[in-house]
>>> print(open('target.cif').read())   # mmCIF, C-alpha atoms and all ligand atoms
data_target
loop_
_atom_site.label_atom_id
_atom_site.label_comp_id
_atom_site.auth_asym_id
_atom_site.auth_seq_id
_atom_site.Cartn_x
_atom_site.Cartn_y
_atom_site.Cartn_z
CA MET A 1 25.76 -23.25 12.94
CA THR A 2 22.19 -22.68 11.79
CA GLU A 3 18.96 -22.66 13.72
CA THR A 4 16.55 -25.31 12.49
CA LEU A 5 12.77 -25.06 12.39
CA ILE A 6 11.54 -27.52 14.98
CA SER A 7 9.47 -30.01 13.01
CA ASP A 8 6.16 -29.48 14.77
CA GLY A 9 6.86 -26.52 17.05
CA PHE A 10 5.36 -23.08 16.57
CA ASP A 11 6.57 -19.91 18.26
CA SER A 12 3.03 -18.56 18.61
CA LEU A 13 -0.53 -19.83 18.64
CA VAL A 14 -1.64 -17.03 16.34
CA ASP A 15 -2.51 -17.79 12.69
CA LEU A 16 -1.28 -14.73 10.81
CA GLY A 17 -3.37 -15.60 7.77
CA ARG A 18 -6.64 -15.99 9.67
CA ASP A 19 -6.69 -14.19 13.01
CA ASP A 20 -7.17 -10.47 13.60
CA PRO A 21 -5.58 -10.05 17.02
CA THR A 22 -6.35 -6.70 18.66
CA ASP A 23 -2.76 -6.45 19.84
CA LEU A 24 -0.91 -7.45 16.66
CA HIS A 25 1.99 -5.10 17.51
CA GLY A 26 2.36 -6.61 20.99
CA ILE A 27 2.33 -10.17 19.65
CA LEU A 28 4.99 -9.41 17.03
CA ALA A 29 7.12 -7.50 19.56
CA ASP A 30 7.01 -10.44 21.99
CA LEU A 31 8.14 -12.79 19.23
CA ARG A 32 10.90 -10.41 18.11
CA ARG A 33 12.26 -10.18 21.67
CA LYS A 34 13.04 -13.92 21.42
CA LYS A 35 14.56 -13.95 17.93
CA PRO A 36 14.45 -11.95 14.68
CA TYR A 37 12.02 -14.39 13.04
CA ALA A 38 9.33 -16.79 14.21
CA VAL A 39 7.61 -19.94 13.04
CA VAL A 40 3.87 -19.39 12.94
CA ARG A 41 0.74 -20.65 11.22
CA HIS A 42 -0.43 -18.88 8.11
CA ARG A 43 -3.85 -20.18 6.97
CA GLY A 44 -3.06 -23.39 8.81
CA GLU A 45 0.30 -23.88 7.07
CA ARG A 46 3.73 -23.56 8.65
CA ALA A 47 5.24 -20.18 7.80
CA VAL A 48 8.28 -18.13 8.73
CA VAL A 49 7.61 -14.53 9.73
CA LEU A 50 10.50 -12.05 9.48
CA LEU A 51 10.37 -9.48 12.29
CA THR A 52 13.32 -7.07 12.10
CA GLU A 53 13.99 -4.26 9.66
CA GLU A 54 17.30 -5.85 8.71
CA LEU A 55 15.71 -9.20 7.77
CA VAL A 56 12.66 -7.73 6.02
CA ALA A 57 14.80 -5.33 3.95
CA ALA A 58 17.24 -8.14 3.04
CA ALA A 59 14.35 -10.42 2.04
CA PHE A 60 12.86 -7.75 -0.27
CA ARG A 61 16.24 -7.40 -2.00
CA ASP A 62 16.66 -11.16 -2.41
CA GLU A 63 14.53 -11.89 -5.47
CA LYS A 64 16.41 -15.17 -6.02
CA THR A 65 15.37 -16.72 -2.68
CA PHE A 66 11.91 -15.13 -2.43
CA PRO A 67 10.87 -14.47 -6.05
CA ALA A 68 7.79 -12.27 -6.22
CA MET A 69 6.45 -14.39 -9.07
CA ALA A 70 6.20 -17.47 -6.80
CA ALA A 71 3.62 -15.59 -4.72
CA TYR A 72 1.85 -13.50 -7.36
CA THR A 73 1.32 -16.21 -9.99
CA ARG A 74 -1.09 -17.62 -7.39
CA ALA A 75 -2.18 -14.47 -5.56
CA ASN A 76 -3.35 -12.33 -8.47
CA GLN A 77 -2.17 -13.55 -11.89
CA PRO A 78 -5.31 -15.65 -12.51
CA VAL A 79 -7.41 -12.48 -12.36
CA LEU A 80 -5.11 -9.60 -13.31
CA GLY A 81 -3.05 -11.41 -15.97
CA ARG A 82 0.77 -11.54 -16.00
CA THR A 83 1.66 -8.23 -14.36
CA ILE A 84 5.15 -6.98 -13.47
CA GLN A 85 4.63 -8.61 -10.07
CA SER A 86 4.76 -12.02 -11.79
CA MET A 87 7.87 -11.17 -13.82
CA THR A 88 11.54 -11.36 -12.97
CA GLY A 89 14.98 -10.49 -14.40
CA ARG A 90 15.25 -8.63 -17.72
CA GLU A 91 11.56 -9.01 -18.53
CA HIS A 92 10.62 -7.34 -15.23
CA ARG A 93 13.24 -4.60 -15.66
CA ILE A 94 12.03 -3.67 -19.15
CA ASN A 95 8.33 -3.89 -18.38
CA LYS A 96 8.69 -1.87 -15.18
CA SER A 97 10.70 0.73 -17.01
CA LEU A 98 7.98 0.93 -19.73
CA VAL A 99 5.42 2.01 -17.14
CA SER A 100 7.64 3.96 -14.72
CA ARG A 101 8.08 7.41 -16.22
CA PRO A 102 4.79 8.98 -15.05
CA PHE A 103 5.42 7.73 -11.49
CA ARG A 104 8.92 9.12 -10.89
CA ASN A 105 9.55 11.61 -8.09
CA LEU A 106 9.64 14.65 -10.35
CA ALA A 107 6.49 13.58 -12.20
CA ALA A 108 4.63 13.12 -8.90
CA GLU A 109 5.82 16.53 -7.66
CA GLN A 110 4.50 18.12 -10.83
CA LEU A 111 1.03 16.69 -10.14
CA ARG A 112 0.68 18.31 -6.70
CA GLU A 113 -0.68 21.70 -7.68
CA PRO A 114 -2.50 21.08 -10.96
CA MET A 115 -4.06 17.71 -10.16
CA ILE A 116 -3.85 16.52 -6.55
CA ALA A 117 -4.65 19.78 -4.72
CA PRO A 118 -7.88 20.48 -6.69
CA ILE A 119 -9.11 16.92 -6.02
CA VAL A 120 -8.32 17.26 -2.28
CA HIS A 121 -10.10 20.64 -2.08
CA ALA A 122 -13.12 19.36 -4.01
CA LEU A 123 -13.53 16.45 -1.58
CA ILE A 124 -13.24 18.75 1.45
CA ASP A 125 -15.70 21.24 -0.13
CA GLU A 126 -18.35 18.52 -0.01
CA PHE A 127 -18.33 18.36 3.81
CA ALA A 128 -16.47 21.46 5.08
CA ASP A 129 -19.58 23.37 6.21
CA ARG A 130 -21.15 20.36 7.93
CA GLY A 131 -18.87 20.28 11.00
CA GLU A 132 -18.56 16.48 11.01
CA ALA A 133 -17.70 13.68 8.60
CA ASP A 134 -16.44 10.13 8.30
CA LEU A 135 -13.06 10.84 6.77
CA VAL A 136 -12.69 7.27 5.50
CA ALA A 137 -15.93 7.22 3.49
CA GLU A 138 -15.75 10.82 2.31
CA PHE A 139 -12.05 11.54 1.99
CA THR A 140 -9.39 8.82 2.27
CA GLN A 141 -11.28 6.28 0.15
CA PRO A 142 -12.29 8.43 -2.85
CA LEU A 143 -9.02 10.41 -3.04
CA PRO A 144 -6.62 7.86 -4.58
CA ILE A 145 -9.24 6.58 -7.03
CA ARG A 146 -9.90 10.11 -8.26
CA VAL A 147 -6.17 10.72 -8.64
CA ILE A 148 -5.64 7.55 -10.71
CA ALA A 149 -8.77 8.27 -12.78
CA SER A 150 -7.48 11.76 -13.46
CA LEU A 151 -4.01 10.42 -14.26
CA ILE A 152 -5.31 8.02 -16.88
CA GLY A 153 -7.73 10.62 -18.20
CA ILE A 154 -11.10 8.98 -17.54
CA ALA A 155 -14.33 10.40 -16.17
CA GLU A 156 -14.21 11.30 -12.49
CA THR A 157 -17.94 10.61 -12.39
CA ASP A 158 -17.22 6.87 -12.62
CA THR A 159 -15.03 6.78 -9.51
CA ASP A 160 -17.48 4.86 -7.28
CA GLN A 161 -17.59 2.10 -9.86
CA LEU A 162 -13.78 2.17 -10.22
CA ALA A 163 -13.35 1.96 -6.43
CA SER A 164 -15.60 -1.06 -6.28
CA TRP A 165 -13.70 -2.83 -9.12
CA ALA A 166 -10.34 -2.01 -7.47
CA HIS A 167 -11.53 -3.45 -4.17
CA ASP A 168 -12.93 -6.61 -5.78
CA LEU A 169 -9.73 -7.18 -7.78
CA PHE A 170 -7.63 -6.97 -4.60
CA ASN A 171 -10.02 -9.34 -2.88
CA PHE A 172 -9.32 -12.17 -5.37
CA PRO A 173 -7.95 -14.67 -2.80
CA HIS A 174 -11.15 -14.31 -0.73
CA ASP A 175 -13.76 -13.92 -3.49
CA PRO A 176 -12.39 -15.22 -6.81
CA GLU A 177 -15.74 -15.00 -8.59
CA GLY A 178 -16.25 -11.35 -7.63
CA ALA A 179 -12.70 -10.56 -8.71
CA HIS A 180 -13.14 -12.22 -12.14
CA ARG A 181 -16.38 -10.30 -12.65
CA ALA A 182 -14.61 -7.04 -11.73
CA ALA A 183 -11.74 -7.85 -14.13
CA ARG A 184 -14.18 -8.48 -17.01
CA GLU A 185 -16.19 -5.33 -16.34
CA PHE A 186 -13.15 -3.11 -15.77
CA SER A 187 -11.43 -4.39 -18.93
CA ALA A 188 -14.58 -3.81 -21.02
CA TYR A 189 -14.80 -0.27 -19.59
CA VAL A 190 -11.19 0.71 -20.21
CA ALA A 191 -10.37 -1.18 -23.47
CA PRO A 192 -12.10 1.38 -25.74
CA VAL A 193 -10.14 4.16 -23.99
CA VAL A 194 -6.85 2.35 -24.69
CA ALA A 195 -7.83 1.88 -28.35
CA GLU A 196 -8.80 5.52 -28.66
CA ARG A 197 -5.55 6.79 -27.09
CA ARG A 198 -3.53 4.61 -29.45
CA HIS A 199 -5.08 6.49 -32.35
CA ASN A 200 -5.14 9.85 -30.61
CA PRO A 201 -2.42 10.05 -27.94
CA GLY A 202 -2.59 12.94 -25.46
CA ASP A 203 -0.53 13.59 -22.32
CA ASP A 204 -2.38 11.22 -19.96
CA LEU A 205 -0.96 7.99 -18.50
CA ILE A 206 -2.62 5.64 -21.01
CA SER A 207 -1.14 7.66 -23.89
CA VAL A 208 2.30 7.39 -22.27
CA LEU A 209 1.84 3.62 -21.90
CA VAL A 210 0.78 3.03 -25.52
CA THR A 211 3.71 5.04 -26.89
CA ALA A 212 6.50 4.07 -24.44
CA GLU A 213 9.50 2.21 -25.86
CA VAL A 214 12.43 0.65 -23.94
CA GLU A 215 15.24 -1.31 -25.63
CA GLY A 216 13.05 -1.74 -28.69
CA GLU A 217 10.12 -3.18 -26.70
CA ARG A 218 6.61 -1.70 -26.56
CA LEU A 219 3.38 -2.68 -24.79
CA ASP A 220 0.51 -4.12 -26.81
CA ASP A 221 -3.11 -3.37 -25.83
CA GLU A 222 -3.46 -6.48 -23.67
CA GLN A 223 -0.27 -5.59 -21.77
CA VAL A 224 -1.58 -2.06 -21.18
CA LEU A 225 -4.87 -3.49 -19.88
CA THR A 226 -2.99 -5.89 -17.60
CA PHE A 227 -1.01 -3.00 -16.14
CA LEU A 228 -4.18 -0.95 -15.61
CA ARG A 229 -5.84 -3.91 -13.87
CA LEU A 230 -2.87 -3.90 -11.44
CA LEU A 231 -2.73 -0.13 -11.05
CA PHE A 232 -6.15 0.31 -9.48
CA PRO A 233 -5.89 -2.30 -6.73
CA ALA A 234 -2.19 -1.52 -6.10
CA GLY A 235 -2.70 2.23 -5.88
CA ALA A 236 -6.17 2.64 -4.39
CA ASP A 237 -6.73 0.60 -1.23
CA THR A 238 -3.07 0.86 -0.17
CA THR A 239 -3.15 4.64 -0.24
CA HIS A 240 -6.59 5.03 1.30
CA LEU A 241 -5.69 2.76 4.23
CA ALA A 242 -2.30 4.48 4.63
CA LEU A 243 -3.94 7.89 4.80
CA GLY A 244 -6.47 6.56 7.33
CA ASN A 245 -3.62 5.22 9.48
CA ILE A 246 -1.72 8.52 9.28
CA LEU A 247 -4.85 10.46 10.31
CA CYS A 248 -5.50 7.95 13.12
CA GLY A 249 -1.97 8.55 14.40
CA LEU A 250 -2.31 12.33 14.20
CA LEU A 251 -5.81 12.61 15.66
CA THR A 252 -5.22 10.18 18.52
CA HIS A 253 -2.15 12.30 19.40
CA PRO A 254 -3.51 15.87 19.51
CA ASP A 255 -0.03 17.27 20.37
CA GLN A 256 1.23 15.86 17.05
CA TRP A 257 -1.77 17.28 15.17
CA ALA A 258 -0.95 20.67 16.73
CA LEU A 259 2.64 20.41 15.43
CA LEU A 260 1.31 19.73 11.94
CA ARG A 261 -1.19 22.59 12.14
CA ALA A 262 1.52 25.01 13.23
CA ASP A 263 3.50 24.49 10.02
CA PRO A 264 1.77 22.18 7.49
CA GLY A 265 4.20 23.09 4.69
CA GLU A 266 7.15 21.76 6.70
CA GLU A 267 5.53 19.07 8.85
CA ALA A 268 3.25 17.26 6.36
CA GLU A 269 6.14 15.24 4.92
CA TRP A 270 7.21 14.07 8.40
CA ALA A 271 3.67 13.39 9.58
CA VAL A 272 3.15 11.15 6.55
CA ASN A 273 6.48 9.37 7.03
CA GLU A 274 5.78 8.74 10.69
CA GLY A 275 2.29 7.42 9.96
CA LEU A 276 3.71 5.12 7.28
CA ARG A 277 6.20 3.80 9.85
CA TRP A 278 3.82 3.54 12.80
CA GLU A 279 1.05 1.65 10.97
CA PRO A 280 2.03 0.61 7.41
CA PRO A 281 -1.01 -0.37 5.30
CA VAL A 282 0.80 -3.33 3.70
CA SER A 283 1.33 -5.01 7.00
CA LEU A 284 2.14 -8.68 6.52
CA LEU A 285 3.34 -9.29 2.98
CA HIS A 286 3.06 -12.89 1.88
CA ARG A 287 5.88 -14.42 -0.16
CA VAL A 288 6.97 -17.99 -0.83
CA CYS A 289 10.37 -19.63 -0.67
CA PRO A 290 10.20 -22.20 -3.51
CA GLU A 291 13.53 -23.97 -2.83
CA ALA A 292 14.85 -25.39 0.45
CA VAL A 293 17.45 -22.91 1.68
CA THR A 294 19.48 -21.74 4.64
CA TRP A 295 18.93 -18.00 4.62
CA GLN A 296 20.42 -15.64 7.19
CA GLY A 297 20.93 -18.66 9.42
CA ILE A 298 17.31 -19.83 9.10
CA ASP A 299 16.67 -23.26 7.54
CA ILE A 300 13.57 -22.86 5.37
CA PRO A 301 12.04 -25.95 3.72
CA ALA A 302 10.92 -25.76 0.07
CA ASP A 303 7.54 -24.13 -0.60
CA THR A 304 7.35 -22.47 2.81
CA ALA A 305 5.28 -19.31 3.14
CA VAL A 306 7.46 -16.42 4.30
CA ILE A 307 5.74 -13.39 5.78
CA PHE A 308 7.58 -10.08 5.52
CA ALA A 309 6.22 -8.37 8.66
CA ILE A 310 6.64 -4.73 7.61
CA THR A 311 4.54 -3.84 10.64
CA ALA A 312 7.17 -5.39 12.94
CA ALA A 313 10.18 -4.08 10.96
CA ASN A 314 8.84 -0.54 11.35
CA ARG A 315 8.77 -0.89 15.15
CA ASP A 316 12.17 -2.56 15.45
CA PRO A 317 13.73 -1.09 18.61
CA GLN A 318 17.22 -1.59 17.14
CA VAL A 319 16.31 1.04 14.55
CA TYR A 320 13.63 3.26 16.11
CA SER A 321 13.88 4.35 19.73
CA ASP A 322 10.64 3.97 21.70
CA PRO A 323 9.12 2.52 18.53
CA ASP A 324 5.46 2.40 19.63
CA ARG A 325 5.42 6.18 20.15
CA PHE A 326 3.84 8.20 17.32
CA ASP A 327 6.25 11.11 16.97
CA ILE A 328 6.52 13.20 13.81
CA GLY A 329 9.57 14.87 15.36
CA ARG A 330 11.63 11.70 14.97
CA ARG A 331 12.09 12.60 11.29
CA ALA A 332 12.24 8.92 10.36
CA ALA A 333 11.66 7.51 6.88
CA PRO A 334 10.60 3.87 7.16
CA LEU A 335 12.69 1.62 4.97
CA THR A 336 10.30 -1.18 4.05
CA THR A 337 6.78 0.33 3.93
CA PHE A 338 7.00 0.46 0.12
CA GLY A 339 8.88 -2.83 -0.22
CA GLY A 340 12.40 -2.84 -1.63
CA GLY A 341 14.63 -4.45 -4.24
CA PRO A 342 13.42 -4.95 -7.81
CA HIS A 343 9.70 -5.05 -6.93
CA SER A 344 9.68 -1.94 -4.77
CA CYS A 345 6.57 0.19 -5.06
CA LEU A 346 6.10 1.96 -8.36
CA GLY A 347 3.69 4.50 -6.89
CA ASN A 348 5.48 5.56 -3.69
CA TRP A 349 6.18 9.15 -4.83
CA LEU A 350 2.63 9.60 -6.03
CA ALA A 351 1.17 8.13 -2.82
CA LYS A 352 3.36 10.36 -0.66
CA ALA A 353 2.50 13.48 -2.66
CA GLU A 354 -1.23 12.69 -2.34
CA MET A 355 -1.07 12.06 1.38
CA GLN A 356 1.09 15.12 2.13
CA VAL A 357 -1.30 17.41 0.25
CA ALA A 358 -4.22 15.68 2.00
CA VAL A 359 -3.03 16.11 5.60
CA ALA A 360 -1.72 19.66 5.03
CA THR A 361 -5.00 20.76 3.46
CA LEU A 362 -7.14 19.19 6.19
CA ALA A 363 -5.00 20.98 8.80
CA GLU A 364 -5.36 24.29 6.98
CA ARG A 365 -9.07 24.10 6.20
CA LEU A 366 -10.74 22.41 9.19
CA PRO A 367 -10.00 24.36 12.38
CA GLY A 368 -10.03 22.33 15.57
CA LEU A 369 -10.28 19.02 13.69
CA ARG A 370 -10.63 16.24 16.24
CA LEU A 371 -11.99 12.71 16.60
CA ARG A 372 -15.68 12.65 17.49
CA PRO A 373 -15.81 11.53 21.15
CA GLY A 374 -16.20 7.76 21.38
CA ALA A 375 -16.15 7.33 17.61
CA ALA A 376 -12.50 6.37 17.04
CA GLU A 377 -12.28 3.10 15.14
CA PRO A 378 -9.17 1.05 15.76
CA VAL A 379 -6.93 0.05 12.91
CA THR A 380 -7.83 -3.49 11.87
CA PHE A 381 -7.08 -5.88 9.05
CA GLN A 382 -8.89 -5.07 5.82
CA ILE A 383 -9.23 -7.24 2.72
CA GLY A 384 -7.84 -10.44 4.18
CA LYS A 385 -4.85 -10.36 6.49
CA ALA A 386 -2.28 -8.34 4.55
CA LEU A 387 -3.57 -4.77 4.70
CA ARG A 388 -4.45 -2.71 7.76
CA GLY A 389 -6.35 0.50 8.24
CA PRO A 390 -9.41 2.04 9.94
CA SER A 391 -12.83 1.23 8.47
CA SER A 392 -14.22 4.60 9.59
CA LEU A 393 -12.86 7.80 11.10
CA TRP A 394 -15.59 10.06 12.47
CA VAL A 395 -14.33 13.58 13.13
CA GLU A 396 -15.71 17.01 13.95
CA TRP A 397 -14.33 20.55 13.69
CA ASP A 398 -15.25 24.14 14.53
CA LEU A 399 -17.50 26.00 12.13
CA ALA A 400 -16.67 29.69 11.66
C1 LIG A 501 0.81 4.22 0.78
C2 LIG A 501 0.55 3.64 -0.38
C3 LIG A 501 1.28 2.44 -0.89
C4 LIG A 501 1.96 1.46 -0.23
C5 LIG A 501 2.20 1.35 1.27
C6 LIG A 501 2.47 0.54 -1.22
C7 LIG A 501 3.24 -0.58 -0.93
C8 LIG A 501 3.79 -1.42 -1.87
C9 LIG A 501 4.64 -2.54 -1.57
C10 LIG A 501 5.02 -3.01 -0.16
C11 LIG A 501 5.00 -3.11 -2.75
C12 LIG A 501 5.92 -4.31 -2.92
C13 LIG A 501 5.13 -5.60 -3.10
C14 LIG A 501 6.04 -6.81 -3.18
O1 LIG A 501 7.28 -6.69 -3.14
O2 LIG A 501 5.50 -7.92 -3.29
C15 LIG A 501 4.37 -2.35 -3.81
C16 LIG A 501 4.48 -2.65 -5.15
C17 LIG A 501 3.79 -1.95 -6.14
N1 LIG A 501 3.05 -0.80 -5.98
FE1 LIG A 501 2.65 0.14 -4.23
N2 LIG A 501 2.07 0.96 -2.45
C18 LIG A 501 1.36 2.12 -2.31
C19 LIG A 501 0.81 2.89 -3.31
C20 LIG A 501 0.91 2.63 -4.65
C21 LIG A 501 0.40 3.48 -5.70
C22 LIG A 501 -0.28 4.83 -5.49
C23 LIG A 501 0.65 2.83 -6.88
C24 LIG A 501 0.32 3.26 -8.28
C25 LIG A 501 -0.52 4.20 -8.60
C26 LIG A 501 1.34 1.60 -6.57
C27 LIG A 501 1.76 0.67 -7.49
C28 LIG A 501 2.54 -0.43 -7.20
C29 LIG A 501 3.00 -1.39 -8.22
C30 LIG A 501 2.66 -1.34 -9.71
C31 LIG A 501 3.79 -2.34 -7.55
C32 LIG A 501 4.49 -3.55 -8.17
C33 LIG A 501 5.95 -3.22 -8.49
C34 LIG A 501 6.75 -4.39 -9.04
O3 LIG A 501 6.32 -5.55 -8.90
O4 LIG A 501 7.81 -4.13 -9.61
N3 LIG A 501 1.49 1.51 -5.21
N4 LIG A 501 3.65 -1.32 -3.24
#
>>> encode(input="target.cif", output="structure tokens", more="lines below")
Ligand code: HEM
Amino acid sequence: MTETLISDGFDSLVDLGRDDPTDLHGILADLRRKKPYAVVRHRGERAVVLLTEELVAAAFRDEKTFPAMAAYTRANQPVLGRTIQSMTGREHRINKSLVSRPFRNLAAEQLREPMIAPIVHALIDEFADRGEADLVAEFTQPLPIRVIASLIGIAETDTDQLASWAHDLFNFPHDPEGAHRAAREFSAYVAPVVAERRHNPGDDLISVLVTAEVEGERLDDEQVLTFLRLLFPAGADTTHLALGNILCGLLTHPDQWALLRADPGEEAEWAVNEGLRWEPPVSLLHRVCPEAVTWQGIDIPADTAVIFAITAANRDPQVYSDPDRFDIGRRAAPLTTFGGGPHSCLGNWLAKAEMQVAVATLAERLPGLRLRPGAAEPVTFQIGKALRGPSSLWVEWDLA
């Protein structure tokens, strides 16, 4: 027997596409106590929100029922072009494989010392002798942009402009005009670099993209540009918000910060994993169910919005004991923070390497790092209602 969505009943008054409730975790936990999914409003429309790790992980794997393309052809294709997010089946497999090599685990590990660590140190150098800083503005935000810029071999001096384009591209559903302008400007900026690397390939990411070949297929210049238009928004704001959330977790739990400081080489990996579980930056991922279906006992009408609540899955008490506690000692690796199934995150190894180097280096270089009294900013929704992170993180530390 299946449970049916009551025709005009909602399980909560909250609109997950519009509201920014201060106690999002509490609201989702209350709903999950009743059943593993809920019927809610999402921008005024009826939507199903999946609340347990089991359901969210199963939904990510089920590309047939919840095809990514059904969401992304509307959410970003008009501005980014047809990226791998709007592809499925063989086309997706080949195109993802064409761009994957530089992002594999080993490749990301090899970037730690020569590329990531110098960028992290350079950012810290800019404020280390000041004794206070807003870590969001001066550290978490510029870091991923500088890493991607360095990866594709373009001038690090242009990173403010790149950050602003990345942000505007992500913001397409809320400011389409700004996003189209960013797409035009970014494409004009990077197209000559793509053309140049095709003639003169080096060992940077763009050179890898223009020369990659899988099952006889290669990327033309427009396909390379489309991938680059996705790379910046996908890799920049996600990572900067994730790092902000991890630092929020650590600095609002000084005992956990002390554990990290005692052994950054060992603990950085677990601090990052726990932060990614406790407050995932991709919080409420919006998908669509195009066909009417009974899925995991839930009757879902055609064209219903389905929200993969990663935020709720990561605090599922069936999986994580005392799930609201921030505890790097739990040694947990969250299952759905980077998605799953065919569209799982391409950049997860790179993001983790960046964030591990970042927290370990902060712990090593800034003695007594702590939140500035009264200055802690709560984690809130950023860029619409899908991503979450702090908008500032004022800290101070002891000067020698
Ligand atoms: C902490 C940081 C990050 C988080 C939490 C994150 C999360 C995610 C999630 C949840 C998805 C799946 C989206 C879906 O199924 O609809 C995804 C896909 C993707 N991510 Fe990430 N991401 C992060 C960093 C990065 C970075 C650094 C890059 C690249 C530099 C990147 C590139 C991508 C790409 C290209 C996809 C699309 C994959 C596909 O459709 O096959 N991400 N990410």
>>> closest_residue(input="target.cif", among="A:Ala363, A:Leu285, A:Ile116, A:Ala292", to="ligand LIG 501 (chain A)", atoms="all atoms listed in the file")
A:Leu285
>>> residues_near_ligand(input="target.cif", ligand="ligand LIG 501 (chain A)", cutoff="8 Å", atoms="only C-alpha atoms and all ligand atoms", output="PDB file with C-alpha atoms, keeping the file's coordinate frame")
ATOM      1  CA  PHE A  60      12.860  -7.750  -0.270  1.00  0.00           C
ATOM      2  CA  ALA A  68       7.790 -12.270  -6.220  1.00  0.00           C
ATOM      3  CA  TYR A  72       1.850 -13.500  -7.360  1.00  0.00           C
ATOM      4  CA  THR A  83       1.660  -8.230 -14.360  1.00  0.00           C
ATOM      5  CA  ILE A  84       5.150  -6.980 -13.470  1.00  0.00           C
ATOM      6  CA  GLN A  85       4.630  -8.610 -10.070  1.00  0.00           C
ATOM      7  CA  SER A  86       4.760 -12.020 -11.790  1.00  0.00           C
ATOM      8  CA  MET A  87       7.870 -11.170 -13.820  1.00  0.00           C
ATOM      9  CA  HIS A  92      10.620  -7.340 -15.230  1.00  0.00           C
ATOM     10  CA  LYS A  96       8.690  -1.870 -15.180  1.00  0.00           C
ATOM     11  CA  PHE A 103       5.420   7.730 -11.490  1.00  0.00           C
ATOM     12  CA  PRO A 144      -6.620   7.860  -4.580  1.00  0.00           C
ATOM     13  CA  ILE A 148      -5.640   7.550 -10.710  1.00  0.00           C
ATOM     14  CA  PHE A 227      -1.010  -3.000 -16.140  1.00  0.00           C
ATOM     15  CA  LEU A 230      -2.870  -3.900 -11.440  1.00  0.00           C
ATOM     16  CA  LEU A 231      -2.730  -0.130 -11.050  1.00  0.00           C
ATOM     17  CA  PHE A 232      -6.150   0.310  -9.480  1.00  0.00           C
ATOM     18  CA  ALA A 234      -2.190  -1.520  -6.100  1.00  0.00           C
ATOM     19  CA  GLY A 235      -2.700   2.230  -5.880  1.00  0.00           C
ATOM     20  CA  ALA A 236      -6.170   2.640  -4.390  1.00  0.00           C
ATOM     21  CA  ASP A 237      -6.730   0.600  -1.230  1.00  0.00           C
ATOM     22  CA  THR A 238      -3.070   0.860  -0.170  1.00  0.00           C
ATOM     23  CA  THR A 239      -3.150   4.640  -0.240  1.00  0.00           C
ATOM     24  CA  HIS A 240      -6.590   5.030   1.300  1.00  0.00           C
ATOM     25  CA  LEU A 241      -5.690   2.760   4.230  1.00  0.00           C
ATOM     26  CA  ALA A 242      -2.300   4.480   4.630  1.00  0.00           C
ATOM     27  CA  LEU A 243      -3.940   7.890   4.800  1.00  0.00           C
ATOM     28  CA  LEU A 276       3.710   5.120   7.280  1.00  0.00           C
ATOM     29  CA  PRO A 280       2.030   0.610   7.410  1.00  0.00           C
ATOM     30  CA  PRO A 281      -1.010  -0.370   5.300  1.00  0.00           C
ATOM     31  CA  VAL A 282       0.800  -3.330   3.700  1.00  0.00           C
ATOM     32  CA  LEU A 285       3.340  -9.290   2.980  1.00  0.00           C
ATOM     33  CA  HIS A 286       3.060 -12.890   1.880  1.00  0.00           C
ATOM     34  CA  ARG A 287       5.880 -14.420  -0.160  1.00  0.00           C
ATOM     35  CA  THR A 336      10.300  -1.180   4.050  1.00  0.00           C
ATOM     36  CA  THR A 337       6.780   0.330   3.930  1.00  0.00           C
ATOM     37  CA  PHE A 338       7.000   0.460   0.120  1.00  0.00           C
ATOM     38  CA  GLY A 339       8.880  -2.830  -0.220  1.00  0.00           C
ATOM     39  CA  GLY A 340      12.400  -2.840  -1.630  1.00  0.00           C
ATOM     40  CA  GLY A 341      14.630  -4.450  -4.240  1.00  0.00           C
ATOM     41  CA  PRO A 342      13.420  -4.950  -7.810  1.00  0.00           C
ATOM     42  CA  HIS A 343       9.700  -5.050  -6.930  1.00  0.00           C
ATOM     43  CA  SER A 344       9.680  -1.940  -4.770  1.00  0.00           C
ATOM     44  CA  CYS A 345       6.570   0.190  -5.060  1.00  0.00           C
ATOM     45  CA  LEU A 346       6.100   1.960  -8.360  1.00  0.00           C
ATOM     46  CA  GLY A 347       3.690   4.500  -6.890  1.00  0.00           C
ATOM     47  CA  ASN A 348       5.480   5.560  -3.690  1.00  0.00           C
ATOM     48  CA  TRP A 349       6.180   9.150  -4.830  1.00  0.00           C
ATOM     49  CA  LEU A 350       2.630   9.600  -6.030  1.00  0.00           C
ATOM     50  CA  ALA A 351       1.170   8.130  -2.820  1.00  0.00           C
ATOM     51  CA  LYS A 352       3.360  10.360  -0.660  1.00  0.00           C
TER      52      LYS A 352
END
>>> atom_distance(input="target.cif", atom1="atom CA of A:Leu387", atom2="atom CA of A:Glu279")
10.1 Å
>>> residues_around(input="target.cif", residues="stretch 158-169 of chain A", least_positions_apart="4", cutoff="10 Å", atoms="all atoms listed in the file", output="ChimeraX atom specification")
/A:76,79-80,141-150,154,173-186,189,229-237,383
>>> atom_distance(input="target.cif", atom1="atom CA of A:Cys289", atom2="atom CA of A:Asp23")
27.7 Å
>>> closest_residue(input="target.cif", among="A:Arg112, A:Arg372, A:Lys385, A:Arg315", to="A:Ala29", atoms="all atoms listed in the file")
A:Arg315
>>> closest_residue(input="target.cif", among="A:Thr226, A:Ser391, A:Gln296, A:Ser207", to="A:Pro102", atoms="all atoms listed in the file")
A:Ser207
>>> residues_near_point(input="target.cif", point="(5.1, 16.8, 8.4)", cutoff="12 Å", atoms="only C-alpha atoms", output="PyMOL selection string")
chain A and resi 246-247+250+256-276+327-333+352-353+355-361+363
